[in-house]
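> Got work_7.cif for you, mmCIF, C-alpha atoms, pLDDT in the B column; chains and numbers go by the auth columns:
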```
data_input
loop_
_atom_site.group_PDB
_atom_site.id
_atom_site.type_symbol
_atom_site.label_atom_id
_atom_site.label_comp_id
_atom_site.label_asym_id
_atom_site.label_seq_id
_atom_site.Cartn_x
_atom_site.Cartn_y
_atom_site.Cartn_z
_atom_site.B_iso_or_equiv
_atom_site.auth_seq_id
_atom_site.auth_asym_id
ATOM 1 C CA MET A 1 13.323 -0.612 -2.408 93.00 1 A
ATOM 2 C CA LEU A 2 9.779 -1.609 -1.442 94.00 2 A
ATOM 3 C CA SER A 3 8.456 -0.334 -4.754 95.00 3 A
ATOM 4 C CA ARG A 4 10.955 -2.493 -6.640 96.00 4 A
ATOM 5 C CA MET A 5 10.200 -5.497 -4.414 97.00 5 A
ATOM 6 C CA TYR A 6 6.473 -5.287 -5.068 97.00 6 A
ATOM 7 C CA GLN A 7 6.887 -4.752 -8.806 97.00 7 A
ATOM 8 C CA ARG A 8 9.054 -7.877 -8.958 98.00 8 A
ATOM 9 C CA PHE A 9 6.402 -9.735 -6.936 98.00 9 A
ATOM 10 C CA PHE A 10 3.657 -8.601 -9.347 97.00 10 A
ATOM 11 C CA GLU A 11 5.717 -9.936 -12.258 97.00 11 A
ATOM 12 C CA ILE A 12 6.384 -13.262 -10.513 97.00 12 A
ATOM 13 C CA MET A 13 2.643 -13.662 -9.814 97.00 13 A
ATOM 14 C CA ASN A 14 1.666 -12.511 -13.328 97.00 14 A
ATOM 15 C CA PHE A 15 -0.361 -9.640 -11.854 97.00 15 A
ATOM 16 C CA LYS A 16 -1.139 -6.738 -14.157 97.00 16 A
ATOM 17 C CA TYR A 17 -0.275 -3.376 -12.621 96.00 17 A
ATOM 18 C CA ASN A 18 0.287 0.252 -13.419 93.00 18 A
ATOM 19 C CA ILE A 19 1.454 3.273 -11.454 93.00 19 A
ATOM 20 C CA ILE A 20 -1.429 5.601 -10.654 90.00 20 A
ATOM 21 C CA GLU A 21 0.639 8.221 -8.855 89.00 21 A
ATOM 22 C CA GLU A 22 4.281 8.711 -7.902 90.00 22 A
ATOM 23 C CA GLN A 23 6.071 11.469 -6.010 88.00 23 A
ATOM 24 C CA ILE A 24 9.858 11.484 -6.023 87.00 24 A
ATOM 25 C CA GLY A 25 11.625 12.292 -2.755 81.00 25 A
ATOM 26 C CA ASP A 26 13.185 15.719 -2.221 79.00 26 A
ATOM 27 C CA GLU A 27 16.719 14.286 -2.160 76.00 27 A
ATOM 28 C CA ALA A 28 16.402 10.627 -3.152 76.00 28 A
ATOM 29 C CA GLY A 29 13.988 7.731 -3.248 83.00 29 A
ATOM 30 C CA ILE A 30 10.210 7.864 -3.495 89.00 30 A
ATOM 31 C CA LYS A 31 8.000 9.966 -1.254 89.00 31 A
ATOM 32 C CA SER A 32 4.828 8.086 -2.227 91.00 32 A
ATOM 33 C CA ILE A 33 3.653 5.722 -4.943 93.00 33 A
ATOM 34 C CA THR A 34 0.288 4.133 -5.765 93.00 34 A
ATOM 35 C CA PHE A 35 -0.130 0.931 -7.757 95.00 35 A
ATOM 36 C CA TYR A 36 -3.323 -0.366 -9.346 94.00 36 A
ATOM 37 C CA VAL A 37 -2.990 -4.159 -9.312 96.00 37 A
ATOM 38 C CA LYS A 38 -5.190 -6.798 -10.918 95.00 38 A
ATOM 39 C CA GLY A 39 -4.711 -10.552 -10.765 95.00 39 A
ATOM 40 C CA LEU A 40 -5.939 -13.821 -9.287 94.00 40 A
ATOM 41 C CA TYR A 41 -6.247 -13.367 -5.488 94.00 41 A
ATOM 42 C CA ALA A 42 -4.221 -10.135 -5.726 95.00 42 A
ATOM 43 C CA TYR A 43 -5.960 -8.459 -2.778 92.00 43 A
ATOM 44 C CA GLY A 44 -5.975 -11.692 -0.773 93.00 44 A
ATOM 45 C CA TYR A 45 -2.191 -11.808 -0.919 95.00 45 A
ATOM 46 C CA LEU A 46 -1.384 -8.109 -0.769 95.00 46 A
ATOM 47 C CA LYS A 47 -3.600 -7.295 2.232 90.00 47 A
ATOM 48 C CA CYS A 48 -0.891 -8.956 4.354 91.00 48 A
ATOM 49 C CA GLU A 49 1.510 -6.171 3.390 93.00 49 A
ATOM 50 C CA LYS A 50 -0.480 -3.405 5.071 90.00 50 A
ATOM 51 C CA GLY A 51 1.478 -1.741 7.861 90.00 51 A
ATOM 52 C CA ILE A 52 4.871 -0.236 8.687 92.00 52 A
ATOM 53 C CA HIS A 53 8.002 -1.692 7.080 94.00 53 A
ATOM 54 C CA ARG A 54 11.373 -1.071 8.776 93.00 54 A
ATOM 55 C CA LEU A 55 14.746 -0.978 7.036 92.00 55 A
ATOM 56 C CA VAL A 56 18.161 -1.032 8.746 92.00 56 A
ATOM 57 C CA ARG A 57 21.199 -0.444 6.560 90.00 57 A
ATOM 58 C CA ILE A 58 24.298 1.653 6.019 86.00 58 A
ATOM 59 C CA SER A 59 22.941 4.651 4.180 80.00 59 A
ATOM 60 C CA PRO A 60 24.519 5.244 0.752 77.00 60 A
ATOM 61 C CA PHE A 61 23.842 8.961 1.346 72.00 61 A
ATOM 62 C CA ASP A 62 25.918 9.117 4.555 73.00 62 A
ATOM 63 C CA SER A 63 29.575 9.925 3.855 73.00 63 A
ATOM 64 C CA ASN A 64 30.471 8.544 7.296 79.00 64 A
ATOM 65 C CA LYS A 65 28.943 5.146 6.419 79.00 65 A
ATOM 66 C CA ARG A 66 26.766 5.061 9.527 83.00 66 A
ATOM 67 C CA ARG A 67 23.888 2.650 10.030 85.00 67 A
ATOM 68 C CA HIS A 68 20.429 4.193 9.559 85.00 68 A
ATOM 69 C CA THR A 69 16.894 3.014 10.284 88.00 69 A
ATOM 70 C CA SER A 70 14.048 4.129 8.051 87.00 70 A
ATOM 71 C CA PHE A 71 10.349 3.354 7.816 91.00 71 A
ATOM 72 C CA ALA A 72 7.768 3.148 5.039 91.00 72 A
ATOM 73 C CA SER A 73 4.006 2.757 5.348 91.00 73 A
ATOM 74 C CA VAL A 74 2.036 0.447 3.047 92.00 74 A
ATOM 75 C CA SER A 75 -1.726 0.750 2.617 89.00 75 A
ATOM 76 C CA ILE A 76 -3.862 -1.723 0.651 89.00 76 A
ATOM 77 C CA THR A 77 -7.357 -0.847 -0.571 85.00 77 A
ATOM 78 C CA PRO A 78 -9.559 -3.401 -2.374 85.00 78 A
ATOM 79 C CA GLU A 79 -11.558 -2.489 -5.455 82.00 79 A
ATOM 80 C CA TYR A 80 -15.205 -2.830 -4.508 72.00 80 A
ATOM 81 C CA ASN A 81 -18.176 -3.454 -6.750 66.00 81 A
ATOM 82 C CA GLN A 82 -18.869 -0.112 -8.417 60.00 82 A
ATOM 83 C CA GLU A 83 -22.603 -0.714 -8.044 60.00 83 A
ATOM 84 C CA ILE A 84 -22.245 -0.104 -4.303 60.00 84 A
ATOM 85 C CA ASN A 85 -24.032 3.111 -3.416 70.00 85 A
ATOM 86 C CA ILE A 86 -21.516 5.461 -1.815 77.00 86 A
ATOM 87 C CA GLU A 87 -22.754 9.042 -1.919 80.00 87 A
ATOM 88 C CA ILE A 88 -20.025 11.610 -2.486 86.00 88 A
ATOM 89 C CA LYS A 89 -21.246 15.196 -2.228 89.00 89 A
ATOM 90 C CA GLU A 90 -19.545 17.735 -4.472 89.00 90 A
ATOM 91 C CA ASN A 91 -19.357 20.207 -1.558 92.00 91 A
ATOM 92 C CA ASP A 92 -17.324 17.656 0.422 92.00 92 A
ATOM 93 C CA LEU A 93 -14.557 17.597 -2.183 94.00 93 A
ATOM 94 C CA LYS A 94 -11.527 19.832 -2.599 93.00 94 A
ATOM 95 C CA ILE A 95 -10.056 19.256 -6.054 93.00 95 A
ATOM 96 C CA ASP A 96 -6.581 20.473 -6.979 91.00 96 A
ATOM 97 C CA VAL A 97 -4.838 20.118 -10.328 90.00 97 A
ATOM 98 C CA TYR A 98 -1.096 20.275 -10.863 85.00 98 A
ATOM 99 C CA HIS A 99 1.660 19.330 -13.295 80.00 99 A
ATOM 100 C CA SER A 100 2.331 15.621 -13.655 73.00 100 A
ATOM 101 C CA SER A 101 5.805 14.423 -12.703 65.00 101 A
ATOM 102 C CA GLY A 102 7.956 11.679 -14.138 55.00 102 A
ATOM 103 C CA ALA A 103 8.168 10.166 -17.602 48.00 103 A
ATOM 104 C CA GLY A 104 5.157 10.454 -19.832 47.00 104 A
ATOM 105 C CA GLY A 105 5.895 12.212 -23.092 46.00 105 A
ATOM 106 C CA GLN A 106 6.173 15.764 -24.268 46.00 106 A
ATOM 107 C CA SER A 107 2.975 16.935 -22.579 45.00 107 A
ATOM 108 C CA VAL A 108 4.226 16.121 -19.099 47.00 108 A
ATOM 109 C CA ASN A 109 4.881 19.214 -16.971 48.00 109 A
ATOM 110 C CA THR A 110 3.222 21.450 -19.549 55.00 110 A
ATOM 111 C CA THR A 111 -0.423 21.010 -18.539 65.00 111 A
ATOM 112 C CA ASN A 112 -2.240 20.623 -15.231 75.00 112 A
ATOM 113 C CA SER A 113 -3.348 17.052 -15.907 86.00 113 A
ATOM 114 C CA ALA A 114 -2.674 15.517 -12.480 90.00 114 A
ATOM 115 C CA VAL A 115 -5.547 15.583 -9.988 93.00 115 A
ATOM 116 C CA ARG A 116 -5.587 15.561 -6.190 93.00 116 A
ATOM 117 C CA ILE A 117 -8.943 15.102 -4.418 94.00 117 A
ATOM 118 C CA THR A 118 -9.410 15.712 -0.703 95.00 118 A
ATOM 119 C CA HIS A 119 -12.576 14.392 0.937 95.00 119 A
ATOM 120 C CA LEU A 120 -13.063 17.071 3.579 94.00 120 A
ATOM 121 C CA PRO A 121 -15.237 15.139 6.104 92.00 121 A
ATOM 122 C CA THR A 122 -12.772 12.218 6.360 92.00 122 A
ATOM 123 C CA LYS A 123 -9.545 14.025 5.300 93.00 123 A
ATOM 124 C CA ILE A 124 -8.875 11.193 2.824 93.00 124 A
ATOM 125 C CA VAL A 125 -6.600 12.354 -0.008 93.00 125 A
ATOM 126 C CA VAL A 126 -6.253 10.553 -3.339 93.00 126 A
ATOM 127 C CA THR A 127 -4.156 11.542 -6.332 92.00 127 A
ATOM 128 C CA CYS A 128 -3.893 10.340 -9.918 92.00 128 A
ATOM 129 C CA GLN A 129 -1.461 11.418 -12.616 90.00 129 A
ATOM 130 C CA ASN A 130 -0.969 8.410 -14.903 85.00 130 A
ATOM 131 C CA GLU A 131 -3.457 9.590 -17.539 83.00 131 A
ATOM 132 C CA ARG A 132 -2.737 12.463 -19.927 81.00 132 A
ATOM 133 C CA SER A 133 -6.292 13.726 -19.579 87.00 133 A
ATOM 134 C CA GLN A 134 -7.266 15.679 -16.473 89.00 134 A
ATOM 135 C CA LEU A 135 -10.808 14.287 -16.813 90.00 135 A
ATOM 136 C CA LYS A 136 -9.602 10.680 -16.847 90.00 136 A
ATOM 137 C CA ASN A 137 -7.339 11.337 -13.867 92.00 137 A
ATOM 138 C CA LYS A 138 -10.305 12.801 -11.996 91.00 138 A
ATOM 139 C CA GLU A 139 -12.465 9.760 -12.818 90.00 139 A
ATOM 140 C CA GLN A 140 -9.730 7.394 -11.601 90.00 140 A
ATOM 141 C CA ALA A 141 -9.192 9.428 -8.419 91.00 141 A
ATOM 142 C CA LEU A 142 -12.930 9.429 -7.658 91.00 142 A
ATOM 143 C CA LYS A 143 -13.002 5.666 -8.173 88.00 143 A
ATOM 144 C CA ILE A 144 -10.174 5.208 -5.654 90.00 144 A
ATOM 145 C CA LEU A 145 -11.884 7.596 -3.221 91.00 145 A
ATOM 146 C CA LYS A 146 -15.119 5.627 -3.483 88.00 146 A
ATOM 147 C CA ASN A 147 -13.262 2.404 -2.650 88.00 147 A
ATOM 148 C CA LYS A 148 -11.559 4.024 0.357 89.00 148 A
ATOM 149 C CA LEU A 149 -14.864 5.436 1.654 90.00 149 A
ATOM 150 C CA TYR A 150 -16.531 2.050 1.315 85.00 150 A
ATOM 151 C CA GLU A 151 -13.643 0.427 3.179 84.00 151 A
ATOM 152 C CA LEU A 152 -13.991 3.053 5.929 86.00 152 A
ATOM 153 C CA GLU A 153 -17.734 2.400 6.275 82.00 153 A
ATOM 154 C CA SER A 154 -17.120 -1.359 6.323 80.00 154 A
ATOM 155 C CA LYS A 155 -14.635 -0.951 9.170 79.00 155 A
ATOM 156 C CA LYS A 156 -17.103 1.181 11.130 80.00 156 A
ATOM 157 C CA LEU A 157 -19.763 -1.518 10.743 71.00 157 A
ATOM 158 C CA GLU A 158 -17.303 -4.236 11.741 70.00 158 A
ATOM 159 C CA ASN A 159 -16.323 -2.290 14.871 73.00 159 A
ATOM 160 C CA LYS A 160 -19.988 -1.886 15.833 67.00 160 A
ATOM 161 C CA LEU A 161 -20.587 -5.617 15.421 56.00 161 A
ATOM 162 C CA ASN A 162 -17.490 -6.436 17.464 60.00 162 A
ATOM 163 C CA ASN A 163 -18.701 -4.142 20.264 63.00 163 A
ATOM 164 C CA LEU A 164 -22.111 -5.795 20.238 51.00 164 A
ATOM 165 C CA LYS A 165 -20.471 -9.225 20.443 46.00 165 A
ATOM 166 C CA GLY A 166 -18.281 -8.042 23.306 49.00 166 A
ATOM 167 C CA LYS A 167 -15.047 -8.731 21.485 44.00 167 A
ATOM 168 C CA THR A 168 -12.170 -7.965 23.850 38.00 168 A
ATOM 169 C CA GLU A 169 -9.094 -9.356 22.154 40.00 169 A
ATOM 170 C CA ASP A 170 -7.499 -9.300 18.735 40.00 170 A
ATOM 171 C CA ILE A 171 -4.177 -9.930 17.074 39.00 171 A
ATOM 172 C CA ASN A 172 -2.459 -6.668 16.198 40.00 172 A
ATOM 173 C CA PHE A 173 -1.461 -6.794 12.542 40.00 173 A
ATOM 174 C CA GLY A 174 -0.798 -3.072 12.343 45.00 174 A
ATOM 175 C CA SER A 175 2.158 -0.924 13.261 67.00 175 A
ATOM 176 C CA GLN A 176 5.613 -2.346 12.456 85.00 176 A
ATOM 177 C CA ILE A 177 4.949 -5.592 10.634 93.00 177 A
ATOM 178 C CA ARG A 178 8.337 -6.459 9.195 95.00 178 A
ATOM 179 C CA SER A 179 12.039 -5.590 9.389 94.00 179 A
ATOM 180 C CA TYR A 180 14.608 -5.752 6.605 96.00 180 A
ATOM 181 C CA ILE A 181 18.040 -5.702 8.241 95.00 181 A
ATOM 182 C CA LEU A 182 21.102 -5.355 6.012 94.00 182 A
ATOM 183 C CA GLU A 183 23.604 -4.280 8.692 90.00 183 A
ATOM 184 C CA PRO A 184 25.304 -5.442 10.924 90.00 184 A
ATOM 185 C CA TYR A 185 23.836 -8.794 9.798 93.00 185 A
ATOM 186 C CA LYS A 186 21.296 -9.839 7.161 96.00 186 A
ATOM 187 C CA LEU A 187 17.795 -10.759 8.274 96.00 187 A
ATOM 188 C CA VAL A 188 14.197 -10.323 7.190 97.00 188 A
ATOM 189 C CA LYS A 189 11.702 -10.957 9.987 96.00 189 A
ATOM 190 C CA ASP A 190 7.925 -10.683 9.964 95.00 190 A
ATOM 191 C CA ASN A 191 6.701 -9.741 13.440 93.00 191 A
ATOM 192 C CA ARG A 192 3.273 -11.372 12.967 92.00 192 A
ATOM 193 C CA SER A 193 4.162 -14.866 11.774 94.00 193 A
ATOM 194 C CA GLY A 194 7.736 -15.065 13.071 94.00 194 A
ATOM 195 C CA PHE A 195 8.984 -15.845 9.556 96.00 195 A
ATOM 196 C CA GLU A 196 12.730 -15.266 9.273 96.00 196 A
ATOM 197 C CA THR A 197 15.304 -15.546 6.516 97.00 197 A
ATOM 198 C CA SER A 198 18.860 -14.343 6.064 96.00 198 A
ATOM 199 C CA ASN A 199 18.417 -14.216 2.286 96.00 199 A
ATOM 200 C CA VAL A 200 17.475 -10.538 2.221 96.00 200 A
ATOM 201 C CA ASN A 201 18.333 -10.103 -1.451 95.00 201 A
ATOM 202 C CA LYS A 202 15.873 -12.821 -2.465 97.00 202 A
ATOM 203 C CA ILE A 203 13.077 -11.084 -0.537 97.00 203 A
ATOM 204 C CA LEU A 204 13.910 -7.664 -1.971 97.00 204 A
ATOM 205 C CA ASP A 205 13.856 -9.276 -5.434 97.00 205 A
ATOM 206 C CA GLY A 206 10.146 -9.980 -4.929 97.00 206 A
ATOM 207 C CA ASN A 207 10.207 -13.555 -3.670 97.00 207 A
ATOM 208 C CA ILE A 208 7.790 -12.855 -0.821 97.00 208 A
ATOM 209 C CA LEU A 209 5.058 -15.433 -1.502 97.00 209 A
ATOM 210 C CA LYS A 210 6.332 -17.846 1.176 96.00 210 A
ATOM 211 C CA LEU A 211 6.505 -14.940 3.634 96.00 211 A
ATOM 212 C CA ILE A 212 2.957 -13.832 2.791 96.00 212 A
ATOM 213 C CA LYS A 213 1.638 -17.381 3.160 96.00 213 A
ATOM 214 C CA SER A 214 3.165 -17.590 6.649 96.00 214 A
ATOM 215 C CA VAL A 215 1.072 -14.543 7.662 94.00 215 A
ATOM 216 C CA LEU A 216 -2.066 -15.952 6.030 94.00 216 A
ATOM 217 C CA LYS A 217 -1.585 -19.183 7.982 93.00 217 A
ATOM 218 C CA VAL A 218 -1.374 -17.297 11.291 91.00 218 A
ATOM 219 C CA ARG A 219 -4.504 -15.326 10.439 86.00 219 A
ATOM 220 C CA GLU A 220 -6.370 -18.482 9.451 85.00 220 A
ATOM 221 C CA GLU A 221 -5.436 -20.187 12.730 83.00 221 A
ATOM 222 C CA TYR A 222 -6.554 -17.118 14.664 76.00 222 A
ATOM 223 C CA GLU A 223 -9.903 -16.943 12.868 74.00 223 A
ATOM 224 C CA THR A 224 -10.446 -20.673 13.458 77.00 224 A
ATOM 225 C CA ASN A 225 -9.672 -20.527 17.174 74.00 225 A
ATOM 226 C CA LYS A 226 -11.273 -17.241 18.207 65.00 226 A
#
```
Would you put the structure from the file into C-alpha cells?

Amino acid sequence: MLSRMYQRFFEIMNFKYNIIEEQIGDEAGIKSITFYVKGLYAYGYLKCEKGIHRLVRISPFDSNKRRHTSFASVSITPEYNQEINIEIKENDLKIDVYHSSGAGGQSVNTTNSAVRITHLPTKIVVTCQNERSQLKNKEQALKILKNKLYELESKKLENKLNNLKGKTEDINFGSQIRSYILEPYKLVKDNRSGFETSNVNKILDGNILKLIKSVLKVREEYETNK
C-alpha cells in the first residue's frame, strides 16, 4: 500500500523513478522495495517520509475479519556528489549474487544477475536487481552503498558538532511518524505535525503533498526557534 502510494505521488509530482530492488513477501505483499527517484526537490520532500508507518485495518487475509495493526519502515537516502571521496575497501565487502525476481524478460531467474553487497564494518546491506547485467547491478549497488556511507559519516560529524555545542534537546522525527487507520473509523494522522484527515483513500492514492508540507513547516519553525 505504501509502495503504491509513493508511486502515485511520484507521478503527481512528475518525478522520474525506477525500482532498484523488490522482494515479494512470503505470503502476500512486499517484504522490501527500493526506489531510485529523481525530480525537482525530490529529496527535500521525501526526507519527511523517513520513519515507521502504522496501518490499522481489517486484514483481507483473516477469515475471521479481525482488525490488525501492521508496520512498515521507510528509509530515505540522498544521492551525494560522486566526487566525494569515500574509501570502500574490497576486504570490507561481502558480495553475493542470486537470481533476480519479478518481471524482466526471459533471462530473469535463469542467471545470477542480482547483487547483494554487505559492508562488513557497518553491516549496511544494499541490493540491486533491476539491470540484466550483474556488472551493472554491482555498479548501482556500490553507488547506493557510497551514498549510505557518506550519510553515515555526515551524521557522525553532526553528532560531534551537537555535542560540542552542548545541544540537549531535539524534536524526535523518528519512530512511528504516521498512522493510517481504516477501521473502526477512517483517519490519517501524522504524529509530528498533527496533520489529520479522514480522507484515507485520497492519501493512499498519493495525494500527500499537503501532509508533507505540514511536516516541513514544523521543522522550519523548530530550526528558526532553536
> From the list A:Glu79, A:Gln129, A:Leu40, A:Ser59, which residue is nearest Ile19 in chain A when using only C-alpha atoms?
A:Gln129
> Restricting the calculation to all atoms listed in the file: of A:Ser63, A:Gln23, A:Thr69, A:Thr118, which residue gets closest to Leu182 in chain A?
A:Thr69
> Taking 6 positions as the minimum chain separation for residues in the same chain, which residues sit within 9 Å of Asp96 in chain A when counting all atoms listed in the file? Answer as number ranges by chain.
A: 114-118
> Give me, as a PyMOL selection string, all polymer residues having an atom no more than 12 Å from Tyr180 in chain A, counting only C-alpha atoms and skipping those fewer than 6 positions away in the same chain.
chain A and resi 1-2+5+52-57+68-72+186-191+195-204
> If the PyMOL selection byres ((chain A and resi 130-147) around 6) is run on the structure shown, which residues does it catch, given as number ranges by chain?
A: 20, 79-80, 113, 115, 126-129, 148-150
> Give the padded box for range 205-218 of chain A as lines of an AutoDock Vina configuration file: axis-aligned, covering all atoms listed in the file, 3 Å on each side, centre and edge lengths in Å to one decimal.

```
center_x = 5.9
center_y = -14.2
center_z = 2.9
size_x = 21.9
size_y = 15.9
size_z = 22.7
```
> Select, from A:Arg219, A:Lys94, A:Arg8, A:Lys47, the residue with the minimum atom-to-atom distance to Leu120 in chain A, counting all atoms listed in the file.
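The shortest atom-to-atom distance to Leu120 in chain A comes from A:Lys94.
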> Applying the PyMOL selection byres ((chain A and resi 218) around 12) to the file I just gave you, which residues come out? Please list them as an mmCIF file with C-alpha atoms, in the frame of the given file.

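Saved the output as result07.cif:
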```cif
data_model
loop_
_atom_site.group_PDB
_atom_site.id
_atom_site.type_symbol
_atom_site.label_atom_id
_atom_site.label_comp_id
_atom_site.auth_asym_id
_atom_site.auth_seq_id
_atom_site.Cartn_x
_atom_site.Cartn_y
_atom_site.Cartn_z
ATOM 1 C CA CYS A 48 -0.891 -8.956 4.354
ATOM 2 C CA ILE A 171 -4.177 -9.930 17.074
ATOM 3 C CA ASN A 172 -2.459 -6.668 16.198
ATOM 4 C CA PHE A 173 -1.461 -6.794 12.542
ATOM 5 C CA ASP A 190 7.925 -10.683 9.964
ATOM 6 C CA ASN A 191 6.701 -9.741 13.440
ATOM 7 C CA ARG A 192 3.273 -11.372 12.967
ATOM 8 C CA SER A 193 4.162 -14.866 11.774
ATOM 9 C CA GLY A 194 7.736 -15.065 13.071
ATOM 10 C CA PHE A 195 8.984 -15.845 9.556
ATOM 11 C CA LEU A 211 6.505 -14.940 3.634
ATOM 12 C CA ILE A 212 2.957 -13.832 2.791
ATOM 13 C CA LYS A 213 1.638 -17.381 3.160
ATOM 14 C CA SER A 214 3.165 -17.590 6.649
ATOM 15 C CA VAL A 215 1.072 -14.543 7.662
ATOM 16 C CA LEU A 216 -2.066 -15.952 6.030
ATOM 17 C CA LYS A 217 -1.585 -19.183 7.982
ATOM 18 C CA ARG A 219 -4.504 -15.326 10.439
ATOM 19 C CA GLU A 220 -6.370 -18.482 9.451
ATOM 20 C CA GLU A 221 -5.436 -20.187 12.730
ATOM 21 C CA TYR A 222 -6.554 -17.118 14.664
ATOM 22 C CA GLU A 223 -9.903 -16.943 12.868
ATOM 23 C CA THR A 224 -10.446 -20.673 13.458
ATOM 24 C CA ASN A 225 -9.672 -20.527 17.174
#
```
> For the provided coordinates, the residues matched by the PyMOL selection byres ((chain A and resi 37) around 6) should be stated as a ChimeraX atom specification.
/A:16-17,36,38
> Go through A:Phe61, A:Tyr98, A:Phe35, A:Phe9 one by one, measure the shortest atom-to-atom distance of each to Ile76 in chain A using all atoms listed in the file, and give the residue with the smallest value.
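Among the listed residues, A:Phe35 lies closest to Ile76 in chain A.
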> Using Å and a single decimal, report how far CA of Thr34 in chain A sits from CA of Arg4 in chain A.
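Atom-to-atom, CA of Arg4 in chain A and CA of Thr34 in chain A are spaced 12.6 Å apart.
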> Could you tell me how far CA of His119 in chain A sits from CA of Asp92 in chain A, in Å to one decimal place?
5.8 Å
> Quick one: pull the distance between CA of Glu22 in chain A and CA of Ser3 in chain A, Å, one decimal.
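Straight-line distance from CA of Glu22 in chain A to CA of Ser3 in chain A works out to 10.4 Å.
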> I need the residue nearest Ser154 in chain A from this list: A:Leu209, A:Ile86, A:Ile181, A:Leu93. Use all atoms listed in the file for the distance.
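Residue with the minimum atom-to-atom distance to Ser154 in chain A: A:Ile86.
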> Would you mind writing range 204-210 of chain A with all heavy atoms, as a short mmCIF file (atom, residue, chain, number, x, y, z; two decimals), in the coordinates of the input?

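New file rebuild.cif:
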```cif
data_model
loop_
_atom_site.label_atom_id
_atom_site.label_comp_id
_atom_site.auth_asym_id
_atom_site.auth_seq_id
_atom_site.Cartn_x
_atom_site.Cartn_y
_atom_site.Cartn_z
N LEU A 204 13.97 -8.96 -1.31
CA LEU A 204 13.91 -7.66 -1.97
C LEU A 204 13.80 -7.80 -3.49
O LEU A 204 13.46 -6.83 -4.17
CB LEU A 204 15.13 -6.82 -1.60
CG LEU A 204 15.19 -6.39 -0.13
CD1 LEU A 204 16.49 -5.63 0.16
CD2 LEU A 204 13.99 -5.53 0.25
N ASP A 205 14.05 -9.01 -4.01
CA ASP A 205 13.86 -9.28 -5.43
C ASP A 205 12.43 -9.75 -5.73
O ASP A 205 12.13 -10.18 -6.84
CB ASP A 205 14.85 -10.31 -5.93
CG ASP A 205 16.21 -9.70 -6.26
OD1 ASP A 205 16.26 -8.49 -6.52
OD2 ASP A 205 17.21 -10.44 -6.26
N GLY A 206 11.56 -9.69 -4.70
CA GLY A 206 10.15 -9.98 -4.93
C GLY A 206 9.69 -11.37 -4.57
O GLY A 206 8.51 -11.71 -4.75
N ASN A 207 10.58 -12.18 -4.04
CA ASN A 207 10.21 -13.56 -3.67
C ASN A 207 9.61 -13.57 -2.26
O ASN A 207 10.22 -14.07 -1.30
CB ASN A 207 11.43 -14.47 -3.75
CG ASN A 207 11.94 -14.63 -5.17
OD1 ASN A 207 11.39 -15.38 -5.96
ND2 ASN A 207 12.99 -13.87 -5.49
N ILE A 208 8.41 -13.02 -2.13
CA ILE A 208 7.79 -12.86 -0.82
C ILE A 208 6.55 -13.73 -0.64
O ILE A 208 5.86 -13.61 0.37
CB ILE A 208 7.42 -11.38 -0.57
CG1 ILE A 208 6.44 -10.86 -1.63
CG2 ILE A 208 8.67 -10.52 -0.52
CD1 ILE A 208 5.93 -9.46 -1.37
N LEU A 209 6.27 -14.62 -1.60
CA LEU A 209 5.06 -15.43 -1.50
C LEU A 209 5.09 -16.34 -0.27
O LEU A 209 4.08 -16.44 0.45
CB LEU A 209 4.88 -16.28 -2.76
CG LEU A 209 3.60 -17.13 -2.81
CD1 LEU A 209 2.36 -16.25 -2.70
CD2 LEU A 209 3.56 -17.95 -4.09
N LYS A 210 6.22 -16.98 0.00
CA LYS A 210 6.33 -17.85 1.18
C LYS A 210 6.13 -17.04 2.46
O LYS A 210 5.47 -17.50 3.40
CB LYS A 210 7.71 -18.53 1.19
CG LYS A 210 7.86 -19.57 2.28
CD LYS A 210 9.21 -20.28 2.16
CE LYS A 210 9.36 -21.34 3.26
NZ LYS A 210 10.68 -22.03 3.16
#
```
